[in-house]
Number of protein chains: 2
Amino acid sequence: MFLYNKQVKEIQMEDKTKSKGELVFIGLGLYDEMDITQRGLQEIKKCDRVYAEFYTSKLVGLKDDQLGEKIGRTVTILNRDDVEKGDEILSRAQHEHVVLLVPGDPMTATTHIDLRLRALKKGIPTRVIHNSSIITAAPGLFGLQSYKFGRSTTLVLPEGNYFPVSPYHVIKENKERGLHTLVLLDIQSDKGRFMTANEGINLLLRLEKQVKGNVLSEDTLICVASRVGSPGRLHFMEIEALITIAHMPLESAEKIQKI
Amino acid sequence: MFLYNKQVKEIQMEDKTKSKGELVFIGLGLYDEMDITQRGLQEIKKCDRVYAEFYTSKLVGLKDDQLGEKIGRTVTILNRDDVEKGDEILSRAQHEHVVLLVPGDPMTATTHIDLRLRALKKGIPTRVIHNSSIITAAPGLFGLQSYKFGRSTTLVLPEGNYFPVSPYHVIKENKERGLHTLVLLDIQSDKGRFMTANEGINLLLRLEKQVKGNVLSEDTLICVASRVGSPGRLHFMEIEALITIAHMPLESAEKIQKI
């Protein structure tokens with residue numbers, strides 16, 4: 001009888017803690033599974049189900065399918081459609097403690113805000129566990145001050161005739177106010193397309209030729225960041241290499257040395 | 001003889017790995033020690049010496065002097081002068097593997113960029129381990145889109161007659177372009193002064209009266225974030241409470257419900 005009561009009590013307690021689902025967005029940071037915070041890891045360990053998406057961005061140092069093994073949980077990877085429709089994850093989150101792992105800091109992508117809104121409308125409580133984002137990491141790495149940045153923009157991969165001019169206008173607007181612009185490069189993970197810095201620069205120069213706003217030329221100083229979050233030492237040897245091998249102008253080298 | 005050689009070899013290996021110092025900036029994130037990343041923790045465990053500073057910002061969920069105990073290392077807490085002069089940390093980092101723990105994401109504060117520059121000039125290699133920053137976390141929590149934010153600004157605690165007008169102009173500039181502004185509130189940890197949201201709002205209204213740029217009024221919608229990084233569920237009860245108790249207008253409630 002006592003045992004029975006104890007069991008009932010345990011079931012009741014379990015019901016109380018598990019009866020209501022929730023959706024927790026956890027940022028994965030920038031590079032690989034080592035960027036997960038202690039708080040994020042704790043949440044991953046105790047939740048009922050782990051989803052992840054890599055279509056808004058990629059972790060450069062980790063293959064998507066290795067994440068589960070690295071964090072010791074089965075991870076269901078959602079594609080763009082799964083996240084945008086959100087049917088599976090939202091119906092699970094009504095009854096279970098569900099985690100969605102996303103690259104960078106959650107909620108910097110519109111799609112996460114949208115998913116969160118739909119969860120809240122269904123009465124599903126949500127929480128956000130933050131992590132690093134390219135939006136603060138990149139300026140910092142260049143030694144540039146974040147309050148000297150205007151609004152950021154994304155260069156979209158051209159699709160036939162579709163190629164928005166808006167990034168050019170954002171850069172122009174910022175430049176006129178003496179502000180830097182963080183230009184994010186588009187990815188289309190499902191098609192395996194990732195814009196390289198060279199492609200991005202060429203697209204910007206193409207926009208200059210098209211709009212003729214006198215914003216960009218081949219002399220414009222553009223700083224390129226990739227593999228951010230993979231801590232590497234800054235070697236003066238690398239600058240020497242850039243001067244000797246890539247014919248980087250000395251003035252640029254002086255600027256880089258100040259970073 | 002064999003033992004002697006083994007010992008010499010070990011000493012040489014130790015020399016080799018420890019002979020050159022380095023300075024690693026590690027972001028602590030937003031709330032408490034649970035925000036440290038796996039990569040940050042690994043670095044803390046293997047370094048020779050751990051410093052921390054809390055004058056550029058505070059971890060709201062953790063008392064400064066508890067950090068050492070929580071991460072299992074002795075932590076020397078540096079004050080503003082120590083970081084700005086940097087003598088101790090830089091002379092240590094010439095020979096030791098030194099870590100500096102900083103709130104948020106390192107390098108968003110000018111003082112960290114400055115310290116890094118001085119380290120590099122002394123030939124000390126540096127690395128940065130990123131973490132979450134209020135700059136991306138706050139917009140995301142409000143459901144606002146990061147590319148709709150113009151440059152950010154800091155409201156400085158007035159000191160006698162010293163009270164810069166620049167934040168007002170930044171808000172004006174952004175508003176004219178249809179952009180939001182992230183307004184950071186000043187802290188002076190050494191004096192135990194932390195600007196509250198109410199003080200900040202009053203200072204902004206004071207600036208409006210002074211400059212008369214027609215930017216802010218008592219009807220302006222200002223979103224306030226505090227204790228960011230402490231994951232709390234969003235309860236509709238809280239909104240009801242705000243309407244009932246704090247007489248929040250219904251239109252504001254509708255906006256908040258969309259978050």
# chains A, B, ... in the order shown; residues from 1 in each chain; ligands from 1

call {"tool": "residues_around", "arguments": {"residues": "Leu179 of chain A", "least_positions_apart": "4", "cutoff": "7 Å", "atoms": "only C-alpha atoms", "output": "list in words"}}
result
Lys148, Phe149, Gly150, Asn174 and Lys175 of chain A

call {"tool": "closest_atom_pairs", "arguments": {"of": "chain A", "to": "chain B", "cutoff": "7 Å", "atoms": "only C-alpha atoms", "output": "CSV"}}
result
residue,atom,partner,partner_atom,distance
A:Met34,CA,B:Gln38,CA,4.8
A:Asp35,CA,B:Thr37,CA,5.2
A:Ile36,CA,B:Thr37,CA,5.3
A:Thr37,CA,B:Thr37,CA,3.9
A:Gln38,CA,B:Met34,CA,4.8
A:Arg39,CA,B:Met34,CA,4.9
A:Met107,CA,B:Gly140,CA,4.5
A:Thr108,CA,B:Gly140,CA,5.7
A:Thr110,CA,B:Gln145,CA,6.6
A:Ile113,CA,B:Gly143,CA,5.7
A:Leu117,CA,B:Lys258,CA,6.5
A:Pro125,CA,B:Arg233,CA,5.9
A:Thr126,CA,B:Arg233,CA,6.0
A:Arg127,CA,B:Pro231,CA,5.7
A:Val128,CA,B:Pro231,CA,6.2
A:Ile129,CA,B:Gly229,CA,6.6
A:His130,CA,B:Ser132,CA,5.8
A:Asn131,CA,B:Ser132,CA,4.2
A:Ser132,CA,B:Ser132,CA,4.1
A:Ser133,CA,B:Ser132,CA,6.8
A:Thr136,CA,B:Thr108,CA,6.9
A:Ala137,CA,B:His130,CA,6.6
A:Gly140,CA,B:Met107,CA,4.6
A:Gly143,CA,B:Ile113,CA,5.7
A:Gln145,CA,B:Thr108,CA,6.5
A:Ser146,CA,B:Thr108,CA,6.0
A:Tyr147,CA,B:Ser152,CA,5.2
A:Lys148,CA,B:Arg151,CA,6.6
A:Phe149,CA,B:Arg151,CA,5.6
A:Gly150,CA,B:Arg151,CA,4.6
A:Arg151,CA,B:Gly150,CA,4.6
A:Ser152,CA,B:Tyr147,CA,5.2
A:Thr153,CA,B:Tyr147,CA,6.4
A:Gly229,CA,B:His130,CA,6.5
A:Pro231,CA,B:Arg127,CA,5.7
A:Gly232,CA,B:Arg127,CA,6.3
A:Arg233,CA,B:Arg127,CA,5.8
A:Leu234,CA,B:Pro125,CA,6.4
A:Lys258,CA,B:Leu117,CA,6.5
A:Ile259,CA,B:Leu117,CA,6.6

call {"tool": "select_by_dssp", "arguments": {"residues": "segment 13-217 of chain B", "states": "helix (DSSP H, G or I)", "output": "count of residues only"}}
result
91

call {"tool": "select_by_dssp", "arguments": {"residues": "segment 110-176 of chain A", "states": "strand (DSSP E or B)", "output": "MDAnalysis selection string"}}
result
chainID A and resid 126:129 149 153:155 159 162

call {"tool": "residues_around", "arguments": {"residues": "segment 195-203 of chain A", "least_positions_apart": "6", "cutoff": "8 Å", "atoms": "only C-alpha atoms", "output": "PyMOL selection string"}}
result
chain A and resi 155+157+185-187+224

call {"tool": "residues_around", "arguments": {"residues": "Val211 of chain B", "least_positions_apart": "2", "cutoff": "12 Å", "atoms": "only C-alpha atoms", "output": "PyMOL selection string"}}
result
chain B and resi 164-169+172+204-209+213-216

call {"tool": "write_last_selection", "arguments": {"atoms": "C-alpha atoms", "output": "tab-separated table (two decimals), in the first residue's frame"}}
result
chain	number	residue	atom	x	y	z
B	164	PRO	CA	26.95	63.58	-23.73
B	165	VAL	CA	24.09	64.35	-26.14
B	166	SER	CA	25.34	61.88	-28.78
B	167	PRO	CA	22.93	59.01	-27.86
B	168	TYR	CA	20.02	61.30	-28.70
B	169	HIS	CA	21.45	62.03	-32.14
B	172	LYS	CA	17.28	60.45	-34.18
B	204	LEU	CA	16.37	60.41	-22.73
B	205	LEU	CA	13.34	62.61	-22.01
B	206	ARG	CA	15.68	65.21	-20.52
B	207	LEU	CA	17.72	65.14	-23.75
B	208	GLU	CA	14.51	65.59	-25.75
B	209	LYS	CA	13.64	68.70	-23.72
B	213	GLY	CA	14.49	67.23	-32.03
B	214	ASN	CA	11.01	65.76	-31.77
B	215	VAL	CA	12.36	62.23	-31.45
B	216	LEU	CA	11.04	61.06	-28.10

call {"tool": "atom_distance", "arguments": {"atom1": "atom CA of Val183 of chain A", "atom2": "atom CA of Val102 of chain A"}}
result
20.4 Å

call {"tool": "atom_distance", "arguments": {"atom1": "atom CA of Ile89 of chain A", "atom2": "atom CA of Thr76 of chain A"}}
result
10.1 Å

call {"tool": "closest_residue", "arguments": {"among": "A:Lys85, A:Arg92, A:Lys58, A:Lys45", "to": "Gly72 of chain A", "atoms": "only C-alpha atoms"}}
result
A:Lys45

call {"tool": "closest_residue", "arguments": {"among": "B:Pro158, B:Ile171, B:Lys212, B:His95", "to": "Lys122 of chain B", "atoms": "only C-alpha atoms"}}
result
B:His95
